[in-house]
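For reference, target-v9.cif (mmCIF, C-alpha atoms):
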data_work
#
loop_
_atom_site.label_atom_id
_atom_site.label_comp_id
_atom_site.auth_asym_id
_atom_site.auth_seq_id
_atom_site.Cartn_x
_atom_site.Cartn_y
_atom_site.Cartn_z
CA MET A 1 -22.97 5.33 -8.32
CA VAL A 2 -23.58 5.25 -4.57
CA PHE A 3 -22.16 2.09 -3.04
CA SER A 4 -21.51 0.59 0.38
CA LYS A 5 -17.86 0.60 1.31
CA LYS A 6 -15.89 -1.25 3.95
CA VAL A 7 -12.13 -0.81 4.36
CA TRP A 8 -10.21 -2.40 7.21
CA VAL A 9 -6.50 -2.75 7.96
CA GLY A 10 -5.34 -4.69 11.01
CA GLU A 11 -3.54 -7.67 12.44
CA SER A 12 -6.36 -10.14 13.04
CA ASP A 13 -7.51 -12.76 10.54
CA PHE A 14 -10.84 -12.46 8.70
CA ASP A 15 -13.66 -14.87 7.91
CA VAL A 16 -14.56 -14.89 4.21
CA GLY A 17 -17.99 -16.44 4.86
CA GLU A 18 -18.87 -13.75 7.36
CA GLU A 19 -17.72 -11.00 4.98
CA TYR A 20 -19.82 -12.54 2.18
CA SER A 21 -22.96 -12.35 4.33
CA LYS A 22 -22.24 -8.76 5.36
CA LEU A 23 -21.60 -7.69 1.77
CA LEU A 24 -24.89 -9.24 0.64
CA GLU A 25 -26.75 -7.45 3.44
CA SER A 26 -25.24 -4.14 2.38
CA SER A 27 -26.11 -4.62 -1.30
CA PRO A 28 -29.49 -6.39 -1.53
CA HIS A 29 -30.02 -5.61 -5.24
CA SER A 30 -26.82 -7.26 -6.47
CA GLY A 31 -26.85 -10.20 -8.84
CA ALA A 32 -23.13 -10.97 -8.79
CA VAL A 33 -20.40 -11.15 -6.17
CA VAL A 34 -16.69 -11.57 -6.91
CA PHE A 35 -14.23 -12.41 -4.14
CA PHE A 36 -10.44 -12.38 -4.25
CA THR A 37 -8.32 -13.60 -1.34
CA GLY A 38 -4.53 -13.35 -1.31
CA LEU A 39 -2.49 -15.81 0.78
CA VAL A 40 1.15 -15.97 1.88
CA ARG A 41 2.97 -18.31 -0.53
CA ASP A 42 5.62 -20.69 0.75
CA LEU A 43 6.88 -21.99 -2.57
CA TYR A 44 8.95 -19.17 -3.92
CA PRO A 45 12.59 -18.56 -3.11
CA THR A 46 13.44 -15.28 -1.43
CA ASN A 47 15.17 -12.72 -3.59
CA VAL A 48 18.33 -12.91 -1.53
CA ASN A 49 18.68 -16.63 -0.94
CA ASP A 50 17.46 -19.70 -2.71
CA GLU A 51 15.35 -20.87 0.17
CA MET A 52 11.81 -20.96 1.46
CA VAL A 53 10.11 -18.00 3.05
CA SER A 54 9.55 -18.48 6.79
CA TYR A 55 7.13 -15.61 7.21
CA LEU A 56 6.26 -12.14 6.00
CA GLU A 57 6.25 -8.93 7.95
CA LEU A 58 3.79 -6.33 6.70
CA GLU A 59 3.70 -2.72 7.74
CA HIS A 60 1.82 0.32 6.49
CA TYR A 61 1.41 4.08 6.87
CA PRO A 62 -1.88 4.18 8.77
CA GLU A 63 -2.70 7.82 8.04
CA MET A 64 -2.46 7.14 4.30
CA THR A 65 -3.48 3.55 3.75
CA GLU A 66 -7.20 3.50 4.49
CA ARG A 67 -7.79 6.74 2.60
CA LEU A 68 -5.85 5.41 -0.42
CA CYS A 69 -7.91 2.19 -0.33
CA GLU A 70 -11.11 4.27 -0.30
CA GLU A 71 -9.87 6.38 -3.21
CA ILE A 72 -9.08 3.24 -5.19
CA LEU A 73 -12.62 1.96 -4.53
CA ASP A 74 -14.12 5.30 -5.60
CA GLU A 75 -12.10 5.24 -8.80
CA ALA A 76 -13.12 1.61 -9.50
CA ASN A 77 -16.75 2.53 -8.91
CA GLN A 78 -16.56 5.40 -11.40
CA ARG A 79 -15.22 3.05 -14.06
CA PHE A 80 -17.23 -0.09 -13.28
CA PRO A 81 -20.24 0.95 -11.17
CA PHE A 82 -21.05 -1.56 -8.43
CA ASP A 83 -23.22 -1.83 -5.31
CA GLY A 84 -20.86 -2.87 -2.53
CA ALA A 85 -17.16 -3.31 -1.85
CA THR A 86 -15.04 -4.73 0.95
CA VAL A 87 -11.26 -4.37 1.23
CA LEU A 88 -9.47 -6.06 4.12
CA HIS A 89 -5.69 -6.03 4.43
CA ARG A 90 -3.68 -7.57 7.22
CA VAL A 91 -0.42 -6.25 8.65
CA GLY A 92 2.08 -7.69 11.13
CA LYS A 93 3.75 -11.08 11.03
CA LEU A 94 2.11 -13.62 8.69
CA ALA A 95 3.14 -17.23 8.14
CA ALA A 96 2.84 -19.23 4.91
CA GLY A 97 -0.73 -20.13 4.09
CA GLU A 98 -2.26 -17.25 6.04
CA GLN A 99 -4.69 -14.81 4.45
CA ILE A 100 -3.23 -11.37 3.67
CA VAL A 101 -5.81 -9.52 1.63
CA MET A 102 -9.44 -9.77 0.57
CA VAL A 103 -11.27 -7.75 -2.07
CA ALA A 104 -14.95 -8.36 -2.66
CA ILE A 105 -17.27 -6.56 -5.04
CA SER A 106 -21.02 -6.95 -5.46
CA SER A 107 -22.77 -5.59 -8.53
CA ARG A 108 -25.90 -5.99 -10.64
CA HIS A 109 -24.08 -8.03 -13.29
CA ARG A 110 -20.87 -10.07 -13.18
CA GLU A 111 -18.79 -8.05 -15.64
CA ASN A 112 -18.42 -4.99 -13.40
CA ALA A 113 -17.72 -7.10 -10.31
CA PHE A 114 -14.90 -8.97 -12.08
CA GLN A 115 -13.42 -5.79 -13.58
CA ALA A 116 -13.67 -3.73 -10.40
CA ALA A 117 -12.09 -6.47 -8.26
CA GLN A 118 -9.20 -6.76 -10.70
CA PHE A 119 -8.76 -2.99 -10.83
CA VAL A 120 -8.80 -2.67 -7.03
CA MET A 121 -6.20 -5.43 -6.56
CA ASP A 122 -3.91 -3.97 -9.23
CA TYR A 123 -3.96 -0.56 -7.54
CA LEU A 124 -3.71 -1.95 -4.01
CA LYS A 125 -0.44 -3.56 -5.05
CA THR A 126 1.03 -0.50 -6.72
CA ARG A 127 -0.39 2.49 -4.83
CA ALA A 128 -1.52 1.63 -1.29
CA THR A 129 1.15 2.26 1.35
CA PHE A 130 1.92 -1.31 2.46
CA TRP A 131 5.36 -2.89 2.64
CA LYS A 132 6.24 -6.58 2.80
CA LYS A 133 9.40 -8.07 4.15
CA GLU A 134 10.26 -11.68 3.33
CA VAL A 135 12.04 -13.41 6.16
CA GLY A 136 13.89 -16.68 5.54
CA SER A 137 16.32 -18.67 7.66
CA LYS A 138 19.32 -16.93 6.06
CA GLY A 139 18.11 -13.38 5.82
CA ALA A 140 15.36 -10.88 5.18
CA GLU A 141 14.51 -8.50 2.37
CA TRP A 142 11.94 -5.79 1.73
CA LEU A 143 10.03 -6.37 -1.49
CA GLY A 144 9.39 -3.68 -4.06
CA VAL A 145 6.73 -3.39 -6.75
CA LYS A 146 7.14 -6.24 -9.21
CA ASP A 147 7.26 -5.31 -12.89
CA LYS A 148 4.30 -7.56 -13.63
CA ASP A 149 2.23 -5.77 -10.96
CA ARG A 150 3.18 -2.37 -12.35
CA GLN A 151 2.26 -3.48 -15.87
CA ALA A 152 -1.04 -4.88 -14.57
CA ALA A 153 -1.91 -1.48 -13.05
CA GLU A 154 -0.74 0.47 -16.10
CA ARG A 155 -3.21 -1.27 -18.39
CA TRP A 156 -6.03 0.68 -16.70
CA GLY A 157 -4.50 4.06 -17.67
CA GLU A 158 -4.04 7.08 -15.45
CA LEU A 159 -5.88 7.54 -12.17
CA ASN A 160 -8.05 10.66 -11.97
CA ASP A 161 -6.34 12.34 -9.03
CA MET B 162 9.42 22.23 12.42
CA ILE B 163 9.05 19.46 9.85
CA LYS B 164 8.30 15.92 10.96
CA VAL B 165 9.98 13.32 8.75
CA LEU B 166 8.89 9.67 8.80
CA PHE B 167 10.76 6.72 7.32
CA PHE B 168 9.06 3.44 6.43
CA ALA B 169 10.19 -0.16 5.84
CA GLY B 170 13.66 -0.33 4.27
CA PHE B 171 14.14 3.43 4.61
CA ARG B 172 13.56 3.17 8.37
CA GLU B 173 16.23 0.49 8.62
CA LEU B 174 18.72 2.58 6.62
CA ALA B 175 17.94 5.68 8.71
CA GLY B 176 18.13 3.77 11.99
CA THR B 177 15.01 5.61 13.14
CA ASP B 178 11.36 5.87 12.16
CA ALA B 179 11.03 9.61 12.77
CA PHE B 180 13.21 12.66 12.55
CA GLU B 181 12.53 16.33 13.21
CA VAL B 182 14.00 19.12 11.14
CA ASN B 183 14.01 22.64 12.55
CA ASP B 184 14.72 24.78 9.54
CA ASP B 185 11.95 27.06 8.31
CA SER B 186 13.89 28.06 5.22
CA LEU B 187 13.37 24.69 3.51
CA ARG B 188 10.95 25.16 0.62
CA ASP B 189 10.50 21.74 -0.93
CA ILE B 190 11.35 18.04 -0.69
CA ARG B 191 14.52 18.50 -2.70
CA GLU B 192 15.87 20.98 -0.17
CA LEU B 193 14.73 18.80 2.72
CA VAL B 194 16.69 15.82 1.38
CA GLU B 195 19.82 17.96 1.05
CA LYS B 196 19.34 19.00 4.66
CA LEU B 197 18.89 15.37 5.79
CA ALA B 198 22.11 14.49 3.96
CA GLU B 199 24.02 16.56 6.53
CA THR B 200 23.16 14.16 9.35
CA LEU B 201 21.73 10.89 8.02
CA PRO B 202 23.60 7.98 6.38
CA ALA B 203 24.69 8.42 2.77
CA GLU B 204 23.16 5.05 1.87
CA LEU B 205 19.74 6.31 2.97
CA ILE B 206 20.06 9.56 1.01
CA LYS B 207 21.01 7.58 -2.11
CA ALA B 208 17.93 5.37 -1.65
CA LEU B 209 15.64 8.40 -1.16
CA LYS B 210 16.89 9.79 -4.47
CA ASP B 211 16.19 6.56 -6.36
CA GLU B 212 13.49 7.00 -8.99
CA THR B 213 11.36 4.26 -7.43
CA ALA B 214 11.17 6.06 -4.05
CA LEU B 215 7.91 7.81 -3.14
CA VAL B 216 7.29 10.76 -0.89
CA SER B 217 4.23 12.20 0.83
CA ILE B 218 3.39 15.54 2.40
CA ASP B 219 0.60 15.52 4.99
CA HIS B 220 -0.45 11.99 3.95
CA LYS B 221 -0.75 12.75 0.24
CA TYR B 222 1.67 11.61 -2.44
CA ALA B 223 3.91 14.47 -3.48
CA GLY B 224 6.75 15.03 -5.90
CA TRP B 225 10.32 16.19 -5.49
CA ASP B 226 9.02 19.76 -5.90
CA GLY B 227 6.31 19.31 -3.22
CA LYS B 228 6.10 22.48 -1.12
CA LEU B 229 6.80 22.36 2.61
CA HIS B 230 5.12 24.37 5.35
CA GLN B 231 5.31 24.75 9.13
CA ASN B 232 4.51 21.44 10.89
CA ALA B 233 4.37 19.48 7.64
CA GLU B 234 4.59 15.70 7.98
CA VAL B 235 6.79 14.22 5.27
CA GLY B 236 6.84 10.48 4.64
CA PHE B 237 9.65 8.80 2.73
CA LEU B 238 8.17 5.68 1.22
CA PRO B 239 10.03 2.83 -0.49
CA PRO B 240 8.27 1.17 -3.45
CA VAL B 241 5.06 -0.31 -2.04
CA SER B 242 4.42 -4.06 -1.95
CA GLY B 243 0.99 -4.74 -0.53
CA GLY B 244 -1.66 -7.21 -1.65
#
Here is the file; what I need is its structure written in the form of structure tokens.
Amino acid sequence: MVFSKKVWVGESDFDVGEEYSKLLESSPHSGAVVFFTGLVRDLYPTNVNDEMVSYLELEHYPEMTERLCEEILDEANQRFPFDGATVLHRVGKLAAGEQIVMVAISSRHRENAFQAAQFVMDYLKTRATFWKKEVGSKGAEWLGVKDKDRQAAERWGELND
Amino acid sequence: MIKVLFFAGFRELAGTDAFEVNDDSLRDIRELVEKLAETLPAELIKALKDETALVSIDHKYAGWDGKLHQNAEVGFLPPVSGG
């Protein structure tokens, strides 16, 4: 199904309300919109020390990331056809409470929007070339894929690539 | 010439984000890693060989048998953690 697609990776913050309006403009026949926004948590201990996270540092592989995000959207659209999709992902230094990621899907009916948003997030976490480093007062550590994220992605089966 | 890029934790272990290898006889990623082992830290090489490590050739995920070519860009990618 043909759909409108917006993928952006960068350092600046985004405005969810503005993105909602833009998504609606790009998909005027939709009857459902699902939004997911991921924030930097402050409540979990780092993996190296039992302490709070001061900030995250996010980096990516620019030549791969946006294309992988687009492929993930194409795959989601094949499985759960929808009208419009927006994926925004921030990189750089992010403090607790800041927005990191946004996935929004608009579709005719709610089921596909919910499913596609879930699918896109699961694959963003396990396939897109982003890396997070937790920095606390006593040290810093790069995070890997968490088992629960891998299991969440595996429930969708193999990607068609 | 093969351009090798290291990301995140791999960059820190390598002490550099990019490395050039001038050896046209290298056929695949496996041979490239053996070549890198001659000059780069053993700790990095061990991490590259870990089963969770990923690798790309010309911006596409590849396997340990991924074929190299002149001017290929190889990325060594630790387990991803976006979202």
Please build the interface table for chain A against chain B with a cut-off of 9 Å, listing for each qualifying residue the nearest atom pair and the distance in Å to one decimal; count only C-alpha atoms, order rows by chain and increasing number, and write it as a tab-separated table.
residue	atom	partner	partner_atom	distance
A:Gly38	CA	B:Gly244	CA	6.8
A:Leu39	CA	B:Gly244	CA	9.0
A:Leu58	CA	B:Gly243	CA	7.9
A:Glu59	CA	B:Ala169	CA	7.2
A:His60	CA	B:Phe168	CA	7.9
A:Tyr61	CA	B:Phe168	CA	7.7
A:Glu63	CA	B:His220	CA	6.3
A:Met64	CA	B:His220	CA	5.3
A:Thr65	CA	B:His220	CA	9.0
A:Leu68	CA	B:Lys221	CA	9.0
A:His89	CA	B:Gly244	CA	7.4
A:Ile100	CA	B:Gly244	CA	6.9
A:Val101	CA	B:Gly244	CA	5.8
A:Met102	CA	B:Gly244	CA	8.5
A:Met121	CA	B:Gly244	CA	6.9
A:Asp122	CA	B:Gly244	CA	8.5
A:Leu124	CA	B:Gly244	CA	6.1
A:Lys125	CA	B:Gly243	CA	4.9
A:Thr126	CA	B:Val241	CA	6.2
A:Arg127	CA	B:Val241	CA	6.7
A:Ala128	CA	B:Gly243	CA	6.9
A:Thr129	CA	B:Val241	CA	5.8
A:Phe130	CA	B:Gly243	CA	4.6
A:Trp131	CA	B:Ser242	CA	4.8
A:Lys132	CA	B:Ser242	CA	5.7
A:Lys133	CA	B:Ala169	CA	8.1
A:Glu141	CA	B:Gly170	CA	8.4
A:Trp142	CA	B:Gly170	CA	6.3
A:Leu143	CA	B:Ser242	CA	6.1
A:Gly144	CA	B:Pro240	CA	5.0
A:Val145	CA	B:Ser242	CA	5.4
A:Lys146	CA	B:Ser242	CA	8.1
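Nearest residue to Glu173 of chain B among B:Leu193, B:Glu204, B:Glu199, B:Arg188 is B:Glu204, counting all atoms listed in the file.
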What is the atom CA of His230 of chain B to atom CA of Leu205 of chain B distance in Å?
->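 Atom-to-atom, atom CA of His230 of chain B to atom CA of Leu205 of chain B, that is 23.4 Å.
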List the residues matched by the PyMOL selection byres ((chain A and resi 150-158) around 6) in the displayed structure as a ChimeraX atom specification, ordered by chain and then by residue number.
-> /A:122-123,147-149,159
Name the closest residue to Glu212 of chain B among the candidates B:Glu181, B:Gly224, B:Gln231, B:Thr200; distances are taken between atoms, counting all atoms listed in the file.
->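 Using all atoms listed in the file, Glu212 of chain B sits closest to B:Gly224.
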Could you tell me which residues the PyMOL selection byres ((chain A and resi 79-86) around 6) returns for this structure, as a PyMOL selection string?
-> chain A and resi 1+3-7+27+76-78+87+103-107+112+116
Saved selection, atoms kept: C-alpha atoms, as a short mmCIF file (atom, residue, chain, number, x, y, z; two decimals), in the coordinates of the input:
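Contents of selection_12.cif, freshly written:
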data_model
loop_
_atom_site.label_atom_id
_atom_site.label_comp_id
_atom_site.auth_asym_id
_atom_site.auth_seq_id
_atom_site.Cartn_x
_atom_site.Cartn_y
_atom_site.Cartn_z
CA MET A 1 -22.97 5.33 -8.32
CA PHE A 3 -22.16 2.09 -3.04
CA SER A 4 -21.51 0.59 0.38
CA LYS A 5 -17.86 0.60 1.31
CA LYS A 6 -15.89 -1.25 3.95
CA VAL A 7 -12.13 -0.81 4.36
CA SER A 27 -26.11 -4.62 -1.30
CA ALA A 76 -13.12 1.61 -9.50
CA ASN A 77 -16.75 2.53 -8.91
CA GLN A 78 -16.56 5.40 -11.40
CA VAL A 87 -11.26 -4.37 1.23
CA VAL A 103 -11.27 -7.75 -2.07
CA ALA A 104 -14.95 -8.36 -2.66
CA ILE A 105 -17.27 -6.56 -5.04
CA SER A 106 -21.02 -6.95 -5.46
CA SER A 107 -22.77 -5.59 -8.53
CA ASN A 112 -18.42 -4.99 -13.40
CA ALA A 116 -13.67 -3.73 -10.40
#
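Atom CA of Val216 of chain B to atom CA of Ser186 of chain B spans 19.5 Å [interatomic distance, one decimal].
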Neighbours of Val165 of chain B within 8 Å (all atoms listed in the file; same-chain residues fewer than 5 positions away dropped), as a PyMOL selection string?
-> chain B and resi 179-182+234-237
Atom CA of Asp15 of chain A and atom CA of Arg110 of chain A, how far apart in Å?
->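 Between atom CA of Arg110 of chain A and atom CA of Asp15 of chain A the gap is 22.8 Å.
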Which neighbours of segment 92-99 of chain A fall inside 6 Å, counting all atoms listed in the file, when residues of the same chain fewer than 3 positions from it are skipped, and could you give them as a count of residues only?
-> 10
Contacts of segment 225-227 of chain B at 8 Å (only C-alpha atoms; same-chain gap of 3+ positions) as a list of chain:residue names |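 Using only C-alpha atoms, the neighbours found are B:Asp189, B:Ile190, B:Arg191, B:Val216, B:Ile218.
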Dump C-alpha atoms for the selected residues as a CSV table (one decimal), in the frame of the given file?
chain,number,residue,atom,x,y,z
B,189,ASP,CA,10.5,21.7,-0.9
B,190,ILE,CA,11.4,18.0,-0.7
B,191,ARG,CA,14.5,18.5,-2.7
B,216,VAL,CA,7.3,10.8,-0.9
B,218,ILE,CA,3.4,15.5,2.4
Which residue gives the smallest distance to Ala32 of chain A among A:Ile72, A:Val135, A:Ala140, A:Ala117, with all atoms listed in the file counted?
->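 Checking each of A:Ile72, A:Val135, A:Ala140, A:Ala117 against Ala32 of chain A, counting all atoms listed in the file, the winner is A:Ala117.
Every residue that the PyMOL selection byres ((chain A and resi 136) around 8) selects in this file is listed here: Thr46, Glu51, Met52, Val53, Ser54, Tyr55, Glu134, Val135, Ser137, Lys138, Gly139 and Ala140 of chain A.
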